[in-house]
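Below: coords-v4.csv (CSV, C-alpha atoms)
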chain,number,residue,atom,x,y,z
A,1,MET,CA,42.2,-43.2,-13.0
A,2,LYS,CA,45.4,-42.3,-14.8
A,3,GLU,CA,45.0,-39.0,-16.7
A,4,ASN,CA,46.7,-38.7,-20.1
A,5,LYS,CA,46.4,-35.1,-21.0
A,6,TYR,CA,49.3,-35.2,-23.3
A,7,ASP,CA,47.4,-37.2,-26.0
A,8,ASP,CA,44.8,-34.4,-26.1
A,9,GLU,CA,45.5,-32.8,-29.5
A,10,LYS,CA,45.0,-29.2,-28.3
A,11,PHE,CA,47.1,-29.6,-25.2
A,12,PHE,CA,49.8,-31.5,-27.0
A,13,ASN,CA,50.1,-28.8,-29.7
A,14,GLN,CA,50.7,-26.3,-26.9
A,15,TYR,CA,53.2,-28.5,-25.1
A,16,LYS,CA,55.3,-29.1,-28.1
A,17,LYS,CA,55.8,-25.4,-28.6
A,18,MET,CA,57.4,-24.9,-25.2
A,19,ALA,CA,61.1,-24.0,-25.1
A,20,ARG,CA,62.0,-27.3,-23.4
A,21,SER,CA,60.1,-29.2,-26.1
A,22,THR,CA,61.8,-27.5,-29.0
A,23,GLY,CA,65.2,-26.8,-27.5
A,24,GLY,CA,65.7,-29.9,-25.4
A,25,LEU,CA,67.8,-30.2,-22.3
A,26,GLU,CA,69.7,-27.0,-22.7
A,27,ALA,CA,66.5,-25.0,-22.9
A,28,ALA,CA,65.3,-26.5,-19.6
A,29,GLY,CA,65.8,-24.1,-16.7
A,30,GLU,CA,66.9,-26.8,-14.3
A,31,TRP,CA,69.2,-28.7,-16.6
A,32,HIS,CA,72.5,-27.0,-15.6
A,33,GLU,CA,71.9,-28.4,-12.1
A,34,PHE,CA,70.2,-31.7,-13.0
A,35,ARG,CA,73.1,-32.7,-15.2
A,36,LYS,CA,75.5,-32.5,-12.3
A,37,MET,CA,73.4,-35.2,-10.5
A,38,MET,CA,73.5,-37.7,-13.4
A,39,PRO,CA,75.6,-40.8,-12.8
A,40,ASP,CA,78.3,-42.2,-15.1
A,41,PHE,CA,76.3,-43.9,-17.8
A,42,GLN,CA,79.1,-45.8,-19.4
A,43,GLY,CA,78.0,-49.4,-19.9
A,44,LYS,CA,74.9,-48.9,-17.7
A,45,ARG,CA,71.3,-50.1,-18.2
A,46,VAL,CA,69.0,-47.1,-17.7
A,47,LEU,CA,65.2,-46.7,-17.2
A,48,ASP,CA,63.6,-43.4,-17.8
A,49,LEU,CA,60.1,-43.1,-16.2
A,50,GLY,CA,57.9,-40.5,-17.9
A,51,CYS,CA,60.4,-40.0,-20.7
A,52,GLY,CA,58.3,-37.6,-22.9
A,53,PHE,CA,60.3,-36.7,-26.0
A,54,GLY,CA,63.2,-38.9,-24.9
A,55,TRP,CA,65.7,-36.1,-24.2
A,56,HIS,CA,67.2,-37.9,-21.1
A,57,CYS,CA,67.1,-41.3,-22.9
A,58,ARG,CA,69.3,-39.9,-25.7
A,59,TYR,CA,71.5,-38.1,-23.2
A,60,ALA,CA,72.2,-41.4,-21.4
A,61,ALA,CA,72.8,-43.2,-24.7
A,62,ASP,CA,75.1,-40.5,-26.0
A,63,ASN,CA,77.1,-40.8,-22.7
A,64,GLY,CA,77.7,-44.5,-23.0
A,65,ALA,CA,74.7,-46.4,-21.7
A,66,LYS,CA,74.4,-49.8,-23.2
A,67,ALA,CA,70.6,-50.1,-22.9
A,68,VAL,CA,68.0,-47.5,-22.3
A,69,ILE,CA,64.2,-47.9,-21.8
A,70,GLY,CA,61.9,-45.0,-21.9
A,71,ILE,CA,58.4,-45.4,-20.4
A,72,ASP,CA,55.5,-42.9,-21.1
A,73,ILE,CA,51.7,-43.0,-21.0
A,74,SER,CA,51.4,-40.7,-24.0
A,75,GLU,CA,51.4,-42.2,-27.5
A,76,LYS,CA,52.0,-38.7,-29.0
A,77,MET,CA,55.0,-38.2,-26.8
A,78,LEU,CA,56.5,-41.5,-27.8
A,79,GLU,CA,55.8,-40.9,-31.5
A,80,LYS,CA,57.8,-37.7,-31.3
A,81,ALA,CA,60.6,-39.4,-29.2
A,82,LYS,CA,61.0,-42.1,-31.8
A,83,GLU,CA,61.2,-39.5,-34.6
A,84,MET,CA,64.1,-37.8,-32.8
A,85,THR,CA,65.9,-41.0,-31.9
A,86,GLU,CA,68.5,-42.8,-34.0
A,87,SER,CA,70.4,-44.8,-31.3
A,88,PRO,CA,69.8,-48.6,-31.4
A,89,VAL,CA,70.2,-48.9,-27.7
A,90,ILE,CA,67.0,-47.0,-26.9
A,91,GLU,CA,63.6,-48.6,-26.6
A,92,TYR,CA,60.4,-46.7,-25.9
A,93,ILE,CA,57.4,-48.4,-24.3
A,94,LEU,CA,53.8,-47.1,-24.1
A,95,MET,CA,52.7,-47.6,-20.5
A,96,PRO,CA,51.6,-45.7,-17.3
A,97,VAL,CA,54.7,-45.6,-15.1
A,98,GLU,CA,52.7,-46.9,-12.1
A,99,GLU,CA,52.4,-50.2,-14.0
A,100,VAL,CA,56.1,-50.7,-14.7
A,101,ASP,CA,57.3,-54.0,-13.4
A,102,TYR,CA,60.8,-55.5,-14.0
A,103,PRO,CA,62.8,-58.3,-12.3
A,104,SER,CA,65.2,-57.4,-9.4
A,105,GLU,CA,68.4,-55.6,-10.4
A,106,SER,CA,67.3,-55.0,-14.0
A,107,PHE,CA,68.8,-51.5,-14.1
A,108,ASP,CA,71.9,-49.6,-13.0
A,109,ALA,CA,70.2,-46.2,-13.1
A,110,VAL,CA,66.6,-44.9,-13.0
A,111,LEU,CA,65.8,-41.4,-14.1
A,112,SER,CA,62.6,-39.4,-14.1
A,113,SER,CA,61.9,-35.8,-15.1
A,114,LEU,CA,58.8,-33.9,-13.9
A,115,THR,CA,56.6,-37.0,-13.6
A,116,PHE,CA,55.9,-38.0,-10.0
A,117,HIS,CA,53.6,-35.1,-9.3
A,118,TYR,CA,51.2,-36.8,-11.7
A,119,ILE,CA,51.2,-40.0,-9.5
A,120,ASP,CA,49.3,-40.6,-6.3
A,121,SER,CA,51.8,-42.8,-4.3
A,122,PHE,CA,55.5,-41.8,-4.4
A,123,ARG,CA,56.2,-44.6,-1.8
A,124,ASN,CA,55.0,-47.3,-4.2
A,125,MET,CA,57.2,-46.0,-6.9
A,126,CYS,CA,60.2,-45.9,-4.5
A,127,LYS,CA,59.6,-49.5,-3.5
A,128,LYS,CA,59.5,-50.6,-7.2
A,129,ILE,CA,62.5,-48.6,-8.2
A,130,TYR,CA,64.6,-49.9,-5.3
A,131,ASN,CA,63.8,-53.4,-6.5
A,132,PHE,CA,64.7,-52.6,-10.2
A,133,LEU,CA,68.1,-51.3,-9.3
A,134,THR,CA,71.3,-53.1,-8.7
A,135,ASP,CA,73.2,-52.5,-5.5
A,136,GLY,CA,74.8,-49.1,-5.7
A,137,GLY,CA,72.4,-48.1,-8.5
A,138,TYR,CA,71.3,-44.5,-8.9
A,139,PHE,CA,67.8,-42.9,-8.8
A,140,VAL,CA,67.8,-39.4,-10.1
A,141,PHE,CA,64.6,-37.4,-10.5
A,142,SER,CA,63.0,-34.0,-10.7
A,143,VAL,CA,59.5,-33.0,-9.6
A,144,GLU,CA,57.5,-29.8,-9.2
A,145,HIS,CA,58.5,-28.3,-5.8
A,146,PRO,CA,55.9,-28.7,-3.0
A,147,ILE,CA,55.8,-24.9,-2.6
A,148,PHE,CA,54.8,-24.9,-6.3
A,149,THR,CA,52.1,-27.6,-6.0
A,150,ALA,CA,50.6,-26.8,-2.6
A,151,TYR,CA,47.9,-24.3,-3.5
A,152,GLY,CA,46.9,-26.1,-6.7
A,153,THR,CA,46.2,-23.4,-9.3
A,154,GLN,CA,49.9,-23.0,-10.0
A,155,ASP,CA,49.6,-19.3,-10.8
A,156,TRP,CA,50.5,-16.0,-9.2
A,157,TYR,CA,48.3,-13.8,-7.1
A,158,TYR,CA,47.8,-10.7,-9.2
A,159,GLY,CA,47.3,-7.0,-8.3
A,160,LYS,CA,44.6,-4.7,-9.7
A,161,ASN,CA,46.9,-3.9,-12.6
A,162,GLY,CA,47.9,-7.4,-13.4
A,163,GLU,CA,51.2,-7.3,-11.5
A,164,ARG,CA,52.5,-10.5,-9.9
A,165,LEU,CA,52.2,-9.8,-6.1
A,166,HIS,CA,53.1,-13.2,-4.6
A,167,TRP,CA,52.9,-16.9,-5.0
A,168,PRO,CA,50.0,-18.4,-3.0
A,169,VAL,CA,50.8,-21.4,-0.7
A,170,ASP,CA,48.0,-23.0,1.2
A,171,ARG,CA,46.9,-26.6,2.3
A,172,TYR,CA,50.6,-27.5,2.4
A,173,PHE,CA,50.2,-30.5,4.7
A,174,SER,CA,47.0,-31.7,3.0
A,175,GLU,CA,48.5,-34.0,0.4
A,176,GLY,CA,46.6,-35.2,-2.6
A,177,LEU,CA,44.8,-34.2,-5.8
A,178,ARG,CA,45.1,-30.7,-7.1
A,179,LYS,CA,43.5,-29.1,-10.2
A,180,ALA,CA,46.3,-27.1,-11.8
A,181,ASN,CA,46.2,-24.7,-14.8
A,182,PHE,CA,48.9,-25.7,-17.3
A,183,LEU,CA,49.0,-24.4,-20.8
A,184,GLY,CA,45.5,-23.1,-20.5
A,185,GLU,CA,44.1,-26.5,-19.6
A,186,GLU,CA,43.0,-28.1,-16.3
A,187,VAL,CA,45.4,-30.8,-15.4
A,188,MET,CA,45.3,-33.2,-12.4
A,189,LYS,CA,48.4,-33.3,-10.2
A,190,TYR,CA,49.2,-34.7,-6.8
A,191,HIS,CA,50.7,-32.5,-4.1
A,192,LYS,CA,53.2,-34.1,-1.8
A,193,THR,CA,55.2,-32.5,1.0
A,194,LEU,CA,59.0,-32.3,1.1
A,195,THR,CA,58.8,-34.7,4.1
A,196,THR,CA,57.0,-37.3,2.0
A,197,TYR,CA,59.6,-37.2,-0.8
A,198,ILE,CA,62.5,-37.5,1.6
A,199,ASN,CA,61.0,-40.1,4.0
A,200,ASP,CA,59.7,-42.3,1.2
A,201,LEU,CA,63.2,-42.5,-0.2
A,202,ILE,CA,64.6,-43.4,3.2
A,203,TRP,CA,61.8,-45.9,3.9
A,204,ALA,CA,62.5,-47.7,0.6
A,205,GLY,CA,66.2,-48.0,1.5
A,206,PHE,CA,67.8,-45.2,-0.5
A,207,GLU,CA,70.7,-43.1,0.6
A,208,ILE,CA,70.1,-39.5,-0.5
A,209,THR,CA,73.2,-38.2,-2.4
A,210,GLY,CA,72.0,-34.9,-3.7
A,211,PHE,CA,69.3,-32.3,-3.2
A,212,MET,CA,68.7,-29.1,-5.1
A,213,GLU,CA,66.1,-26.4,-5.5
A,214,PRO,CA,67.4,-25.0,-8.8
A,215,LYS,CA,67.4,-21.4,-9.9
A,216,PRO,CA,67.4,-20.7,-13.6
A,217,GLU,CA,70.8,-20.7,-15.3
A,218,GLU,CA,72.4,-17.2,-15.4
A,219,SER,CA,72.1,-16.8,-19.1
A,220,MET,CA,68.3,-17.4,-18.9
A,221,LEU,CA,68.0,-14.8,-16.1
A,222,ARG,CA,69.9,-12.4,-18.3
A,223,ASP,CA,68.2,-13.0,-21.6
A,224,ILE,CA,64.6,-13.8,-20.6
A,225,PRO,CA,63.2,-11.0,-18.5
A,226,GLU,CA,60.2,-13.0,-17.1
A,227,MET,CA,62.7,-15.5,-15.6
A,228,GLN,CA,63.5,-13.1,-12.9
A,229,ASP,CA,60.2,-14.1,-11.2
A,230,GLU,CA,61.6,-17.6,-10.9
A,231,LEU,CA,63.8,-16.3,-8.1
A,232,ARG,CA,60.8,-15.5,-6.0
A,233,ARG,CA,59.8,-19.1,-5.2
A,234,PRO,CA,61.1,-22.6,-6.1
A,235,MET,CA,59.5,-24.3,-9.0
A,236,MET,CA,61.4,-27.6,-9.0
A,237,LEU,CA,63.0,-30.0,-6.7
A,238,LEU,CA,65.9,-32.3,-7.8
A,239,ILE,CA,67.0,-35.3,-5.8
A,240,SER,CA,69.6,-38.0,-6.4
A,241,ALA,CA,69.7,-41.2,-4.4
A,242,LYS,CA,71.7,-44.4,-4.3
A,243,LYS,CA,70.5,-47.9,-3.5
A,244,ARG,CA,72.2,-49.2,-0.4
A,245,LYS,CA,72.2,-52.8,0.8
A,246,ARG,CA,69.6,-53.6,3.4

Any chance you could put this one into structure tokens?
Amino acid sequence: MKENKYDDEKFFNQYKKMARSTGGLEAAGEWHEFRKMMPDFQGKRVLDLGCGFGWHCRYAADNGAKAVIGIDISEKMLEKAKEMTESPVIEYILMPVEEVDYPSESFDAVLSSLTFHYIDSFRNMCKKIYNFLTDGGYFVFSVEHPIFTAYGTQDWYYGKNGERLHWPVDRYFSEGLRKANFLGEEVMKYHKTLTTYINDLIWAGFEITGFMEPKPEESMLRDIPEMQDELRRPMMLLISAKKRKR
């Protein structure tokens, strides 16, 4: 069953207070690296899977995309996205990303930000996305890093005085459902190994063009003291790939 935690009033009210929710792309710790992976959007048809508040949709439109579709399972997310969007080339659709289905070669670029760790089968998504894309089309996405998702709780191991001792990693090769604590709520996520992410892309027919385990931008490390702990383990994984002819 597809979980939709983001339409829970309490959870959503917490989420919309996060820095990346209020400050957009520039407030996201990975954006300084993720932006470098983005393709040239000029004249392109773009699909954003798990678009949330629509930040990446608007970025693509602002950089010349001729048509952008944002897909998300959350009605509250899309209501907020529509409030913040003025571009006539952007369309938002309420739907689980697993159910997306378009004809072959419908898009020139597919984006996704922090969505695929909510989905059981990455391979199925790769197969669909490969079909959606034109030859030479780009697939650029971010996920929570397998080191981050492996243990499940997604929290530090603390000492007697509350100090952060280390980040627990366990059951790394046991892929599947995890119960994580996010914004004080239990959220279901799916752990996948790095091997799965890479091999599923190759299996589908993609050529991997970029790979990054981003550290926070230098100004964040300087201005936000707790960001220093983000240098102790990777939180995110960014990958760009290109559809090659079979």

Test item: residues at most 10 Å from A:Ser113, only C-alpha atoms, excluding those fewer than 3 positions along its chain, as a list in words: Phe34, Asp48, Leu49, Gly50, Cys51, Gly52, Trp55, His56, Phe116, Val140, Phe141, Ser142, Val143, Glu144 and Leu238 of chain A

Just the selected residues (C-alpha atoms), exported as a compact mmCIF listing (two decimals), in the frame of the given file, please.
# COMPACT_ATOMS: atom_id res chain seq x y z
CA PHE A 34 70.20 -31.70 -13.00
CA ASP A 48 63.60 -43.40 -17.80
CA LEU A 49 60.10 -43.10 -16.20
CA GLY A 50 57.90 -40.50 -17.90
CA CYS A 51 60.40 -40.00 -20.70
CA GLY A 52 58.30 -37.60 -22.90
CA TRP A 55 65.70 -36.10 -24.20
CA HIS A 56 67.20 -37.90 -21.10
CA PHE A 116 55.90 -38.00 -10.00
CA VAL A 140 67.80 -39.40 -10.10
CA PHE A 141 64.60 -37.40 -10.50
CA SER A 142 63.00 -34.00 -10.70
CA VAL A 143 59.50 -33.00 -9.60
CA GLU A 144 57.50 -29.80 -9.20
CA LEU A 238 65.90 -32.30 -7.80

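Counting from atom CA of A:Pro234, the distance to atom CA of A:Glu30 is 10.9 Å.
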
Within 7 Å of A:His145, counting only C-alpha atoms, which residues qualify if same-chain residues fewer than 6 places away don't, as a PDB file with C-alpha atoms, in the coordinates of the input?
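Here's the written file selection.pdb:
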ATOM      1  CA  PRO A 234      61.100 -22.600  -6.100  1.00  0.00           C
ATOM      2  CA  MET A 235      59.500 -24.300  -9.000  1.00  0.00           C
ATOM      3  CA  MET A 236      61.400 -27.600  -9.000  1.00  0.00           C
ATOM      4  CA  LEU A 237      63.000 -30.000  -6.700  1.00  0.00           C
TER       5      LEU A 237
END

Using the file's own x, y and z axes, what box holds all listed atoms of stretch 44-61 of chain A with 3 Å on each side, keeping edges along x, y and z, and what are its centre and edge lengths in Å to one decimal, as AutoDock Vina command-line options?
--center_x 66.4 --center_y -43.1 --center_z -21.1 --size_x 23.0 --size_y 20.0 --size_z 15.8

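Nearest residue to A:Gln228 among A:Arg164, A:Ser87, A:Trp203, A:Asn181 is A:Arg164, counting all atoms listed in the file.
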
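In this model, the gap between atom CA of A:Gly205 and atom CA of A:Ser174 comes to 25.2 Å.
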
Work out how far apart atom CA of A:Phe53 and atom CA of A:Glu79 are and give it in Å to one decimal. 8.3 Å

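The shortest atom-to-atom distance to A:Thr209, with only C-alpha atoms taken into account, belongs to A:Met37 out of A:Leu94, A:Val46, A:Met37, A:Cys126.
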
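Remark: for A:Tyr138, the closest of the candidate residues A:Lys243, A:Lys189, A:Arg58, A:Lys2 is A:Lys243 (distances computed over all atoms listed in the file).
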
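Nearest residue to A:Glu91, choosing from A:Arg222, A:His166, A:Lys192, A:Lys66 and counting all atoms listed in the file: A:Lys66.
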
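All residues of protein, DNA or RNA that reach within 12 Å of A:Lys128, judged by all atoms listed in the file and not counting those fewer than 6 positions away in the chain, are A:Leu49, A:Val97, A:Glu98, A:Glu99, A:Val100, A:Asp101, A:Tyr102, A:Pro103, A:Ser104, A:Glu105, A:Ser106, A:Phe107, A:Val110, A:Ser121, A:Phe122, A:Phe139, A:Asp200, A:Leu201, A:Ala204, A:Gly205, A:Phe206, A:Lys243.
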
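Nearest to A:Glu175 of all the residues A:Met18, A:Met77, A:Ile93, A:Leu194 is A:Leu194, based on all atoms listed in the file.
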
Hey, could you patch up stretch 24-45 of chain A with N, CA, C and O atoms and hand it over as a CSV table (one decimal), in the frame of the given file?
chain,number,residue,atom,x,y,z
A,24,GLY,N,65.1,-28.8,-26.1
A,24,GLY,CA,65.7,-29.9,-25.4
A,24,GLY,C,66.3,-29.6,-24.1
A,24,GLY,O,65.9,-28.6,-23.4
A,25,LEU,N,67.3,-30.3,-23.6
A,25,LEU,CA,67.8,-30.2,-22.3
A,25,LEU,C,68.4,-28.8,-22.0
A,25,LEU,O,68.2,-28.3,-20.9
A,26,GLU,N,69.1,-28.3,-23.0
A,26,GLU,CA,69.7,-27.0,-22.7
A,26,GLU,C,68.7,-25.9,-22.6
A,26,GLU,O,69.1,-24.8,-22.0
A,27,ALA,N,67.5,-26.1,-23.0
A,27,ALA,CA,66.5,-25.0,-22.9
A,27,ALA,C,65.7,-25.2,-21.6
A,27,ALA,O,64.8,-24.4,-21.3
A,28,ALA,N,66.0,-26.3,-20.8
A,28,ALA,CA,65.3,-26.5,-19.6
A,28,ALA,C,66.0,-25.7,-18.5
A,28,ALA,O,67.2,-25.9,-18.3
A,29,GLY,N,65.2,-24.9,-17.7
A,29,GLY,CA,65.8,-24.1,-16.7
A,29,GLY,C,66.6,-24.8,-15.6
A,29,GLY,O,67.5,-24.2,-15.0
A,30,GLU,N,66.3,-26.1,-15.4
A,30,GLU,CA,66.9,-26.8,-14.3
A,30,GLU,C,68.1,-27.7,-14.8
A,30,GLU,O,68.8,-28.3,-14.0
A,31,TRP,N,68.3,-27.8,-16.1
A,31,TRP,CA,69.2,-28.7,-16.6
A,31,TRP,C,70.7,-28.5,-16.2
A,31,TRP,O,71.4,-29.4,-15.9
A,32,HIS,N,71.1,-27.2,-16.0
A,32,HIS,CA,72.5,-27.0,-15.6
A,32,HIS,C,72.8,-27.6,-14.2
A,32,HIS,O,73.9,-27.8,-13.9
A,33,GLU,N,71.7,-27.8,-13.4
A,33,GLU,CA,71.9,-28.4,-12.1
A,33,GLU,C,71.6,-29.9,-12.1
A,33,GLU,O,72.3,-30.7,-11.5
A,34,PHE,N,70.6,-30.3,-12.9
A,34,PHE,CA,70.2,-31.7,-13.0
A,34,PHE,C,71.3,-32.5,-13.6
A,34,PHE,O,71.5,-33.7,-13.2
A,35,ARG,N,72.0,-32.0,-14.6
A,35,ARG,CA,73.1,-32.7,-15.2
A,35,ARG,C,74.2,-33.1,-14.3
A,35,ARG,O,74.8,-34.1,-14.4
A,36,LYS,N,74.4,-32.2,-13.3
A,36,LYS,CA,75.5,-32.5,-12.3
A,36,LYS,C,75.1,-33.7,-11.4
A,36,LYS,O,76.0,-34.4,-10.9
A,37,MET,N,73.8,-34.1,-11.3
A,37,MET,CA,73.4,-35.2,-10.5
A,37,MET,C,73.4,-36.5,-11.3
A,37,MET,O,73.3,-37.6,-10.7
A,38,MET,N,73.6,-36.4,-12.6
A,38,MET,CA,73.5,-37.7,-13.4
A,38,MET,C,74.7,-38.6,-13.1
A,38,MET,O,75.8,-38.1,-12.9
A,39,PRO,N,74.5,-39.9,-13.0
A,39,PRO,CA,75.6,-40.8,-12.8
A,39,PRO,C,76.4,-41.0,-14.1
A,39,PRO,O,76.1,-40.5,-15.1
A,40,ASP,N,77.5,-41.7,-13.9
A,40,ASP,CA,78.3,-42.2,-15.1
A,40,ASP,C,77.5,-43.2,-15.8
A,40,ASP,O,77.2,-44.3,-15.2
A,41,PHE,N,77.1,-43.0,-17.1
A,41,PHE,CA,76.3,-43.9,-17.8
A,41,PHE,C,77.0,-45.0,-18.6
A,41,PHE,O,76.4,-45.9,-19.2
A,42,GLN,N,78.3,-44.9,-18.6
A,42,GLN,CA,79.1,-45.8,-19.4
A,42,GLN,C,78.8,-47.3,-19.1
A,42,GLN,O,79.0,-47.7,-17.9
A,43,GLY,N,78.3,-48.0,-20.0
A,43,GLY,CA,78.0,-49.4,-19.9
A,43,GLY,C,76.8,-49.8,-19.0
A,43,GLY,O,76.6,-50.9,-18.6
A,44,LYS,N,76.0,-48.7,-18.7
A,44,LYS,CA,74.9,-48.9,-17.7
A,44,LYS,C,73.6,-49.2,-18.5
A,44,LYS,O,73.4,-48.9,-19.6
A,45,ARG,N,72.7,-49.9,-17.7
A,45,ARG,CA,71.3,-50.1,-18.2
A,45,ARG,C,70.4,-49.1,-17.5
A,45,ARG,O,70.5,-49.0,-16.2
